[in-house]
Every structure is written in C-alpha cells, then in structure tokens.
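A.B. asks: Got a structure here, written out as structure tokens. Questions coming.
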Amino acid sequence: MRVLGVDPGSYRTGYGVVECQQDYYLYITSGIIQGKGAIEERLREIYEDLCAVIREYSPQALALESPFVARNVKSALRLGQVQGVVLLAASSSALPSFQYSPMEVKVALTGYGRAPKEQVREMVRRLLGLKDELFLDASDALAVALCHIQHCRLT
C-alpha cells in the first residue's frame, strides 16, 4: 500500500509518500509546498503541486492531518480552505482520503498523544531508516501516512 500523507498549512504544506511492503516501510519522497503571494495563489499552488505528486507517485490513498486548534478565526478559516483544496486534489484524482487528528497520529507513532513534534520526527526517521534531517512539516506528513498504514493494518 502506498499512501500520500499531507500536513496542511496556508504557508507551508508538508507532504510525504510512504509504501508498506509486508512488514516494513519504504520511504518514497517528501517535501514542502511553500506558497507565495495572496491566499488564492497559495491555494492554487498547493492544489497543482499535490496533483503532480499524485500523478508521479501513484498513491492508493491520501491521509490528511485534520486541524486541531487555530490561533484565531482567520487562521482557522485559512486552514479550512487548505484542507478543502487537499481534499479536492484527492477527489479529482479519484483517490480515497482519510483524516486523522494530531493526537491520533502521535499515539500511532510514539504511543503518547502529547508527544512533541521533534519526538514524532525522530520516530518517523527511525521507522523509515532516514539519516537526513526533515522539515517538521514533511515529517508530520510522513507521520500521517504511517498512521494511516497502521490504522489499515488494525482494521
């Protein structure tokens, strides 16, 4: 199973593709989509870049981290817009999408729902055998993909 994980953000959206082969995980790719300009331009860039990742890596599912809290109403609306664009990219590519809360992702990877982002990143690096540093947004996206794979194994 190959999964595209997405950590939505209006300025930096992380993505990561992981494949599960029997009993081990295979890192495929990860990165960030760093938007510039007005929100409309950033949303278009997120949509186009995610569609390109989907075309290039052919995931079988998209796992999205659902926003838990926002600093203010304006931030919450922007995150909702980004989340909508991510879901549109999945839908327009006929890709099933799944959403997980940050706590679900942290529990799946570390066993502790309040683990700091750095601890999640370290678990992602260990599970995928990565030596290089990862942007926190990319490691969060990979964590969401790993969470989905673990969820599928348990159901």
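All residue names refer to the structure tokens as shown: chains lettered A, B, ... in order, residues numbered from 1 in each chain, ligands numbered from 1 in order.
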Could I get the residues of region 34-84 of chain A with an atom no further than 8 Å from an atom of region 97-104 of chain A, each paired with its nearest atom pair and that distance in Å to one decimal, using only C-alpha atoms, sorted by chain and residue number, as JSON lines?
C.D. replies:
```
{"residue": "A:Ala61", "atom": "CA", "partner": "A:Ser97", "partner_atom": "CA", "distance": 5.9}
{"residue": "A:Leu62", "atom": "CA", "partner": "A:Ser97", "partner_atom": "CA", "distance": 4.6}
{"residue": "A:Ala63", "atom": "CA", "partner": "A:Phe98", "partner_atom": "CA", "distance": 4.8}
{"residue": "A:Leu64", "atom": "CA", "partner": "A:Gln99", "partner_atom": "CA", "distance": 4.8}
{"residue": "A:Glu65", "atom": "CA", "partner": "A:Tyr100", "partner_atom": "CA", "distance": 5.1}
{"residue": "A:Ser66", "atom": "CA", "partner": "A:Ser101", "partner_atom": "CA", "distance": 5.2}
{"residue": "A:Pro67", "atom": "CA", "partner": "A:Ser101", "partner_atom": "CA", "distance": 7.0}
{"residue": "A:Phe68", "atom": "CA", "partner": "A:Ser101", "partner_atom": "CA", "distance": 6.6}
```
A.B. asks: If you run DSSP over the backbone, which residues in chain A end up helix (DSSP H, G or I)? Put them as a PyMOL selection string.
C.D. replies: chain A and resi 39-57+73-92+102-110+117-128+136-154
A.B. asks: Could you check the closest approach to Met1 (chain A) for each of A:Gln150, A:Ser91, A:Thr110, A:Gln119 and tell me which residue wins, using only C-alpha atoms?
C.D. replies: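 Closest candidate: A:Gln150.
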A.B. asks: How far is it from CA of Gln34 (chain A) to CA of Ser10 (chain A), in Å with one decimal?
C.D. replies: 8.5 Å
A.B. asks: Nearest residue to Leu134 (chain A) out of A:Ile32, A:Cys147, A:Val53, A:Leu26, using only C-alpha atoms?
C.D. replies: A:Ile32
A.B. asks: Quick one: pull the distance between CA of Asp49 (chain A) and CA of Ala143 (chain A), Å, one decimal.
C.D. replies: 19.7 Å
A.B. asks: Using only C-alpha atoms, which residues sit within 8 Å of region 17-19 of chain A once same-chain residues fewer than 5 positions away are excluded, as a list in words?
C.D. replies: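 Here the qualifying residues turn out to be Met1, Arg2, Val3, Leu4, Gly5, Tyr25, Leu26, Tyr27, Ile28, Thr29, Ser30, Tyr57, Pro59, Leu142, Ala145 and Leu146 of chain A.
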A.B. asks: Determine which residues of chain A DSSP labels as strand (DSSP E or B) from the backbone of this structure, then write them out as a PyMOL selection string.
C.D. replies: chain A and resi 2-7+12-21+24-34+61-65+97-100
A.B. asks: Using only C-alpha atoms, which residues sit within 9 Å of Lys117 (chain A) once same-chain residues fewer than 2 positions away are excluded, as a ChimeraX atom specification?
C.D. replies: /A:106,115,119-122,136,139-140
A.B. asks: For the residues in the current selection, export C-alpha atoms as a PDB file, in the first residue's frame.
C.D. replies:
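Result file part.pdb:
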```
ATOM      1  CA  LYS A 106       1.141  10.990  17.756  1.00  0.00           C
ATOM      2  CA  ALA A 115       4.451  13.955  22.123  1.00  0.00           C
ATOM      3  CA  GLN A 119       9.819  13.223  19.002  1.00  0.00           C
ATOM      4  CA  VAL A 120       7.395  12.419  16.169  1.00  0.00           C
ATOM      5  CA  ARG A 121      10.054  13.429  13.632  1.00  0.00           C
ATOM      6  CA  GLU A 122      12.600  11.131  15.304  1.00  0.00           C
ATOM      7  CA  LEU A 136       8.868  19.398  10.578  1.00  0.00           C
ATOM      8  CA  SER A 139       7.915  14.708   8.927  1.00  0.00           C
ATOM      9  CA  ASP A 140       4.359  15.464  10.096  1.00  0.00           C
TER      10      ASP A 140
END
```
A.B. asks: Between A:Thr13, A:Gln60, A:Ser75, A:Ser92, which is the closest to Ile33 (chain A) once you count only C-alpha atoms?
C.D. replies: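 Between A:Thr13, A:Gln60, A:Ser75, A:Ser92, the residue approaching Ile33 (chain A) most closely is A:Thr13.
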A.B. asks: Hey, which of A:Leu50, A:Ile149, A:Leu43, A:Leu77 ends up closest to Gly31 (chain A)? Count only C-alpha atoms.
C.D. replies: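 Ranked by minimum distance to Gly31 (chain A), first place goes to A:Leu50.
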A.B. asks: Interatomic distance between CA of Pro96 (chain A) and CA of Tyr15 (chain A)?
C.D. replies: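 Computing it gives 16.0 Å between the two atoms.
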A.B. asks: Which residue out of A:Val82, A:Val73, A:Val6, A:Cys20 has the minimum interatomic distance to Leu127 (chain A) when only C-alpha atoms are used?
C.D. replies: A:Cys20
A.B. asks: Hey, which of A:Lys131, A:Arg71, A:Arg153, A:Arg55 ends up closest to Gln21 (chain A)? Count only C-alpha atoms.
C.D. replies: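 Using only C-alpha atoms, Gln21 (chain A) sits closest to A:Arg153.
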